Amino acid sequence: MKFGIQLFGILNEKKGDPLETLRALRGLGFQRVEPCISLTPIPGFEPVIWPIDWFETHAFDIREMGLEILSAHLLADDYAVAAPRIARLAADHGIRQIVVKLPQDLSESALQQTALTYMRLADLLAEVGAELLLHNEAAEIAQHIQGKTAYEHFLALCLGK
C-alpha cells in the first residue's frame with residue numbers, strides 16, 4: 001500500500017526548506033505527495049505554494065527522494081491563458097490529476113465563464129492522460145443558486161465533465 005499526503009498544511013506548519021520536509025516525510029514512509037503549485041508567485045507563501053519555476057527546478061530531486069507527484073493543486077491568474085502550460089506541466093512531470101478551485105466570485109456569470117474555461121482545460125489535460133479535479137471550499141457549499149449549492153450548480157454547468 002502506498003501512502004501520500006497533501007502538502008499545504010504540513011509545509012505551512014514547518015516553515016522551513018520544503019526539500020527537508022519532503023525528505024522527512026519520505027523517511028516516515030510516505031511515497032506520494034500532493035503539492036500546491038502556482039503559475040504566479042504568491043509572496044509569503046513560497047515554501048507552501050510552490051512557484052512553478054521552483055517546482056520544475058526541484059522535480060527531479062523530489063523524484064530522486066522516492067516521492068511521486070501524481071496530483072497537484074494548481075493556481076493561476078487566468079486558467080484560459082495558462083491551460084497549455086498546465087497540460088504541459090502534467091505531461092512533463094507525470095501529474096495525473098490537477099486540482100483547481102472555483103472563483104471567489106460565485107455569481108452566475110463568473111461560474112458560467114469558469115465552467116467553460118475548466119471544460120477546455122479538462123479536454124487539454126485528457127490529451128496528456130491527466131484529469132481535472134475540483135477542490136471545494138465552505139463558501140461554495142454555503143451559497144445557494146437556484147436551490148442548489150453553488151458547487152452543485154457549477155458542476156451542472158460543466159455538463160458532466
# chains A, B, ... in the order shown; residues from 1 in each chain; ligands from 1

$ residues_around --residues "Thr114 (chain A)" --least-positions-apart "6" --cutoff "12 Å" --atoms "only C-alpha atoms" --output "VMD selection string"
chain A and resid 78 to 80 100 to 108 120 to 122 134 154 to 155 157 to 158

$ select_by_dssp --residues "chain A" --states "alpha helix (DSSP H)" --output "number ranges by chain"
A: 7-14, 18-27, 52-64, 79-93, 108-127, 138-142, 150-157

$ residues_around --residues "region 17-25 of chain A" --least-positions-apart "2" --cutoff "12 Å" --atoms "only C-alpha atoms" --output "ChimeraX atom specification"
/A:3-15,27-36,45-50,54-55,57-69

$ write_last_selection --atoms "N, CA and C atoms" --output "tab-separated table (two decimals), in the first residue's frame"
chain	number	residue	atom	x	y	z
A	3	PHE	N	1.28	5.36	0.59
A	3	PHE	CA	0.69	6.45	1.35
A	3	PHE	C	1.15	7.78	0.77
A	4	GLY	N	0.24	8.73	0.73
A	4	GLY	CA	0.56	10.07	0.26
A	4	GLY	C	0.01	11.11	1.20
A	5	ILE	N	0.42	12.35	0.97
A	5	ILE	CA	-0.03	13.43	1.85
A	5	ILE	C	-0.14	14.72	1.05
A	6	GLN	N	-1.21	15.46	1.30
A	6	GLN	CA	-1.38	16.79	0.72
A	6	GLN	C	-0.46	17.71	1.52
A	7	LEU	N	0.35	18.50	0.84
A	7	LEU	CA	1.45	19.21	1.49
A	7	LEU	C	1.10	20.58	2.09
A	8	PHE	N	-0.01	21.20	1.71
A	8	PHE	CA	-0.25	22.57	2.14
A	8	PHE	C	-0.15	22.72	3.66
A	9	GLY	N	-0.88	21.92	4.41
A	9	GLY	CA	-0.89	22.05	5.87
A	9	GLY	C	0.45	21.81	6.51
A	10	ILE	N	1.12	20.74	6.09
A	10	ILE	CA	2.40	20.41	6.72
A	10	ILE	C	3.48	21.43	6.38
A	11	LEU	N	3.51	21.91	5.13
A	11	LEU	CA	4.50	22.92	4.77
A	11	LEU	C	4.20	24.25	5.45
A	12	ASN	N	2.93	24.54	5.65
A	12	ASN	CA	2.54	25.77	6.34
A	12	ASN	C	2.97	25.72	7.81
A	13	GLU	N	2.93	24.56	8.41
A	13	GLU	CA	3.35	24.39	9.81
A	13	GLU	C	4.87	24.39	9.96
A	14	LYS	N	5.57	23.73	9.06
A	14	LYS	CA	7.02	23.55	9.19
A	14	LYS	C	7.81	24.83	8.95
A	15	LYS	N	7.38	25.66	8.02
A	15	LYS	CA	8.02	26.95	7.73
A	15	LYS	C	9.53	26.84	7.51
A	27	GLY	N	11.13	9.66	4.89
A	27	GLY	CA	11.65	8.85	5.98
A	27	GLY	C	10.55	8.24	6.85
A	28	LEU	N	9.40	8.88	6.88
A	28	LEU	CA	8.25	8.36	7.62
A	28	LEU	C	7.46	7.32	6.82
A	29	GLY	N	7.85	7.12	5.57
A	29	GLY	CA	7.19	6.10	4.76
A	29	GLY	C	6.26	6.63	3.67
A	30	PHE	N	6.09	7.94	3.60
A	30	PHE	CA	5.24	8.48	2.54
A	30	PHE	C	5.93	8.28	1.19
A	31	GLN	N	5.13	7.95	0.18
A	31	GLN	CA	5.67	7.71	-1.15
A	31	GLN	C	5.09	8.67	-2.19
A	32	ARG	N	4.01	9.35	-1.82
A	32	ARG	CA	3.37	10.29	-2.74
A	32	ARG	C	3.08	11.58	-2.00
A	33	VAL	N	3.27	12.69	-2.70
A	33	VAL	CA	2.95	13.98	-2.13
A	33	VAL	C	2.10	14.77	-3.12
A	34	GLU	N	1.25	15.63	-2.58
A	34	GLU	CA	0.39	16.47	-3.42
A	34	GLU	C	0.67	17.93	-3.06
A	35	PRO	N	1.47	18.59	-3.89
A	35	PRO	CA	1.81	19.99	-3.61
A	35	PRO	C	0.77	20.96	-4.18
A	36	CYS	N	0.91	22.20	-3.77
A	36	CYS	CA	0.21	23.32	-4.38
A	36	CYS	C	1.24	24.06	-5.22
A	45	PHE	N	4.10	32.90	0.54
A	45	PHE	CA	3.64	31.51	0.54
A	45	PHE	C	4.59	30.58	-0.21
A	46	GLU	N	5.77	31.06	-0.62
A	46	GLU	CA	6.67	30.26	-1.45
A	46	GLU	C	7.00	28.88	-0.86
A	47	PRO	N	7.23	28.74	0.44
A	47	PRO	CA	7.51	27.38	0.93
A	47	PRO	C	6.29	26.47	0.88
A	48	VAL	N	5.09	27.06	0.88
A	48	VAL	CA	3.85	26.29	0.97
A	48	VAL	C	3.23	26.09	-0.41
A	49	ILE	N	3.12	27.16	-1.18
A	49	ILE	CA	2.62	27.11	-2.55
A	49	ILE	C	3.83	27.36	-3.44
A	50	TRP	N	4.24	26.32	-4.13
A	50	TRP	CA	5.48	26.39	-4.88
A	50	TRP	C	5.29	27.15	-6.19
A	54	TRP	N	10.16	27.00	-9.25
A	54	TRP	CA	10.78	26.25	-8.16
A	54	TRP	C	10.48	24.77	-8.33
A	55	PHE	N	9.22	24.45	-8.60
A	55	PHE	CA	8.85	23.05	-8.78
A	55	PHE	C	9.63	22.41	-9.92
A	57	THR	N	12.45	23.22	-11.16
A	57	THR	CA	13.86	23.11	-10.79
A	57	THR	C	14.10	21.91	-9.89
A	58	HIS	N	13.15	21.62	-9.00
A	58	HIS	CA	13.35	20.58	-7.98
A	58	HIS	C	12.59	19.28	-8.23
A	59	ALA	N	11.86	19.18	-9.31
A	59	ALA	CA	11.06	17.97	-9.57
A	59	ALA	C	11.93	16.72	-9.61
A	60	PHE	N	13.09	16.80	-10.25
A	60	PHE	CA	13.98	15.64	-10.31
A	60	PHE	C	14.44	15.25	-8.91
A	61	ASP	N	14.83	16.24	-8.08
A	61	ASP	CA	15.27	15.96	-6.71
A	61	ASP	C	14.17	15.27	-5.91
A	62	ILE	N	12.95	15.71	-6.10
A	62	ILE	CA	11.81	15.13	-5.38
A	62	ILE	C	11.62	13.67	-5.80
A	63	ARG	N	11.70	13.40	-7.09
A	63	ARG	CA	11.58	12.02	-7.57
A	63	ARG	C	12.75	11.16	-7.06
A	64	GLU	N	13.95	11.75	-7.01
A	64	GLU	CA	15.12	11.02	-6.52
A	64	GLU	C	14.97	10.63	-5.06
A	65	MET	N	14.18	11.37	-4.30
A	65	MET	CA	13.91	11.02	-2.90
A	65	MET	C	13.00	9.79	-2.80
A	66	GLY	N	12.40	9.41	-3.93
A	66	GLY	CA	11.45	8.30	-3.91
A	66	GLY	C	10.02	8.76	-3.74
A	67	LEU	N	9.77	10.04	-4.03
A	67	LEU	CA	8.42	10.58	-3.91
A	67	LEU	C	7.80	10.78	-5.29
A	68	GLU	N	6.55	10.41	-5.41
A	68	GLU	CA	5.80	10.63	-6.64
A	68	GLU	C	4.86	11.81	-6.45
A	69	ILE	N	4.63	12.55	-7.52
A	69	ILE	CA	3.62	13.60	-7.53
A	69	ILE	C	2.65	13.24	-8.63

$ residues_around --residues "Ala138 (chain A)" --least-positions-apart "4" --cutoff "10 Å" --atoms "only C-alpha atoms" --output "ChimeraX atom specification"
/A:142-143,151

$ write_last_selection --atoms "C-alpha atoms" --output "mmCIF file, in the first residue's frame"
data_model
loop_
_atom_site.group_PDB
_atom_site.id
_atom_site.type_symbol
_atom_site.label_atom_id
_atom_site.label_comp_id
_atom_site.auth_asym_id
_atom_site.auth_seq_id
_atom_site.Cartn_x
_atom_site.Cartn_y
_atom_site.Cartn_z
ATOM 1 C CA ALA A 142 -22.865 27.728 1.902
ATOM 2 C CA GLN A 143 -24.075 29.816 -1.050
ATOM 3 C CA TYR A 151 -20.706 23.916 -6.013
#

$ atom_distance --atom1 "CA of Ala156 (chain A)" --atom2 "CA of Leu75 (chain A)"
22.6 Å

$ select_by_dssp --residues "region 7-159 of chain A" --states "strand (DSSP E)" --output "PyMOL selection string"
chain A and resi 32-34+36-38+49-51+71-75+97-100+131-134+144-145+148-149

$ decode --residues "region 70-90 of chain A" --atoms "N, CA, C and O atoms" --output "PDB file, in the first residue's frame"
ATOM      1  N   LEU A  70       1.547  12.624  -8.230  1.00  0.00           N
ATOM      2  CA  LEU A  70       0.528  12.221  -9.192  1.00  0.00           C
ATOM      3  C   LEU A  70      -0.623  13.216  -9.234  1.00  0.00           C
ATOM      4  O   LEU A  70      -1.424  13.208 -10.162  1.00  0.00           O
ATOM      5  N   SER A  71      -0.688  14.068  -8.206  1.00  0.00           N
ATOM      6  CA  SER A  71      -1.770  15.038  -8.095  1.00  0.00           C
ATOM      7  C   SER A  71      -1.192  16.335  -7.551  1.00  0.00           C
ATOM      8  O   SER A  71      -0.301  16.313  -6.706  1.00  0.00           O
ATOM      9  N   ALA A  72      -1.698  17.468  -8.072  1.00  0.00           N
ATOM     10  CA  ALA A  72      -1.225  18.771  -7.600  1.00  0.00           C
ATOM     11  C   ALA A  72      -2.356  19.780  -7.668  1.00  0.00           C
ATOM     12  O   ALA A  72      -3.125  19.797  -8.631  1.00  0.00           O
ATOM     13  N   HIS A  73      -2.457  20.597  -6.641  1.00  0.00           N
ATOM     14  CA  HIS A  73      -3.362  21.743  -6.684  1.00  0.00           C
ATOM     15  C   HIS A  73      -2.645  22.811  -7.496  1.00  0.00           C
ATOM     16  O   HIS A  73      -1.446  23.034  -7.313  1.00  0.00           O
ATOM     17  N   LEU A  74      -3.359  23.460  -8.385  1.00  0.00           N
ATOM     18  CA  LEU A  74      -2.715  24.425  -9.265  1.00  0.00           C
ATOM     19  C   LEU A  74      -3.450  25.758  -9.224  1.00  0.00           C
ATOM     20  O   LEU A  74      -4.667  25.800  -9.361  1.00  0.00           O
ATOM     21  N   LEU A  75      -2.683  26.822  -9.040  1.00  0.00           N
ATOM     22  CA  LEU A  75      -3.238  28.174  -9.007  1.00  0.00           C
ATOM     23  C   LEU A  75      -2.721  28.956 -10.203  1.00  0.00           C
ATOM     24  O   LEU A  75      -1.539  28.875 -10.541  1.00  0.00           O
ATOM     25  N   ALA A  76      -3.618  29.712 -10.826  1.00  0.00           N
ATOM     26  CA  ALA A  76      -3.244  30.556 -11.960  1.00  0.00           C
ATOM     27  C   ALA A  76      -4.140  31.777 -11.962  1.00  0.00           C
ATOM     28  O   ALA A  76      -5.291  31.710 -11.521  1.00  0.00           O
ATOM     29  N   ASP A  77      -3.603  32.885 -12.441  1.00  0.00           N
ATOM     30  CA  ASP A  77      -4.417  34.098 -12.558  1.00  0.00           C
ATOM     31  C   ASP A  77      -5.483  33.946 -13.629  1.00  0.00           C
ATOM     32  O   ASP A  77      -6.590  34.421 -13.481  1.00  0.00           O
ATOM     33  N   ASP A  78      -5.133  33.289 -14.720  1.00  0.00           N
ATOM     34  CA  ASP A  78      -6.057  33.132 -15.845  1.00  0.00           C
ATOM     35  C   ASP A  78      -5.897  31.721 -16.401  1.00  0.00           C
ATOM     36  O   ASP A  78      -4.980  31.445 -17.162  1.00  0.00           O
ATOM     37  N   TYR A  79      -6.800  30.840 -16.015  1.00  0.00           N
ATOM     38  CA  TYR A  79      -6.701  29.438 -16.426  1.00  0.00           C
ATOM     39  C   TYR A  79      -6.866  29.265 -17.932  1.00  0.00           C
ATOM     40  O   TYR A  79      -6.296  28.338 -18.505  1.00  0.00           O
ATOM     41  N   ALA A  80      -7.623  30.135 -18.578  1.00  0.00           N
ATOM     42  CA  ALA A  80      -7.799  30.032 -20.031  1.00  0.00           C
ATOM     43  C   ALA A  80      -6.465  30.239 -20.731  1.00  0.00           C
ATOM     44  O   ALA A  80      -6.096  29.488 -21.640  1.00  0.00           O
ATOM     45  N   VAL A  81      -5.713  31.240 -20.312  1.00  0.00           N
ATOM     46  CA  VAL A  81      -4.401  31.528 -20.904  1.00  0.00           C
ATOM     47  C   VAL A  81      -3.385  30.460 -20.494  1.00  0.00           C
ATOM     48  O   VAL A  81      -2.548  30.041 -21.286  1.00  0.00           O
ATOM     49  N   ALA A  82      -3.471  30.004 -19.254  1.00  0.00           N
ATOM     50  CA  ALA A  82      -2.485  29.069 -18.713  1.00  0.00           C
ATOM     51  C   ALA A  82      -2.725  27.619 -19.111  1.00  0.00           C
ATOM     52  O   ALA A  82      -1.848  26.776 -18.896  1.00  0.00           O
ATOM     53  N   ALA A  83      -3.860  27.305 -19.689  1.00  0.00           N
ATOM     54  CA  ALA A  83      -4.223  25.909 -19.959  1.00  0.00           C
ATOM     55  C   ALA A  83      -3.139  25.117 -20.691  1.00  0.00           C
ATOM     56  O   ALA A  83      -2.803  24.007 -20.256  1.00  0.00           O
ATOM     57  N   PRO A  84      -2.541  25.626 -21.772  1.00  0.00           N
ATOM     58  CA  PRO A  84      -1.493  24.839 -22.433  1.00  0.00           C
ATOM     59  C   PRO A  84      -0.291  24.562 -21.528  1.00  0.00           C
ATOM     60  O   PRO A  84       0.263  23.462 -21.537  1.00  0.00           O
ATOM     61  N   ARG A  85       0.089  25.552 -20.723  1.00  0.00           N
ATOM     62  CA  ARG A  85       1.226  25.342 -19.818  1.00  0.00           C
ATOM     63  C   ARG A  85       0.875  24.332 -18.735  1.00  0.00           C
ATOM     64  O   ARG A  85       1.708  23.521 -18.328  1.00  0.00           O
ATOM     65  N   ILE A  86      -0.363  24.370 -18.258  1.00  0.00           N
ATOM     66  CA  ILE A  86      -0.796  23.407 -17.240  1.00  0.00           C
ATOM     67  C   ILE A  86      -0.758  21.985 -17.814  1.00  0.00           C
ATOM     68  O   ILE A  86      -0.274  21.059 -17.158  1.00  0.00           O
ATOM     69  N   ALA A  87      -1.252  21.814 -19.027  1.00  0.00           N
ATOM     70  CA  ALA A  87      -1.228  20.493 -19.664  1.00  0.00           C
ATOM     71  C   ALA A  87       0.209  20.018 -19.875  1.00  0.00           C
ATOM     72  O   ALA A  87       0.533  18.843 -19.651  1.00  0.00           O
ATOM     73  N   ARG A  88       1.082  20.932 -20.270  1.00  0.00           N
ATOM     74  CA  ARG A  88       2.499  20.588 -20.468  1.00  0.00           C
ATOM     75  C   ARG A  88       3.140  20.186 -19.138  1.00  0.00           C
ATOM     76  O   ARG A  88       3.921  19.228 -19.071  1.00  0.00           O
ATOM     77  N   LEU A  89       2.812  20.899 -18.064  1.00  0.00           N
ATOM     78  CA  LEU A  89       3.331  20.569 -16.738  1.00  0.00           C
ATOM     79  C   LEU A  89       2.919  19.153 -16.360  1.00  0.00           C
ATOM     80  O   LEU A  89       3.740  18.359 -15.902  1.00  0.00           O
ATOM     81  N   ALA A  90       1.646  18.841 -16.564  1.00  0.00           N
ATOM     82  CA  ALA A  90       1.152  17.493 -16.246  1.00  0.00           C
ATOM     83  C   ALA A  90       1.889  16.440 -17.063  1.00  0.00           C
ATOM     84  O   ALA A  90       2.348  15.427 -16.530  1.00  0.00           O
TER      85      ALA A  90
END
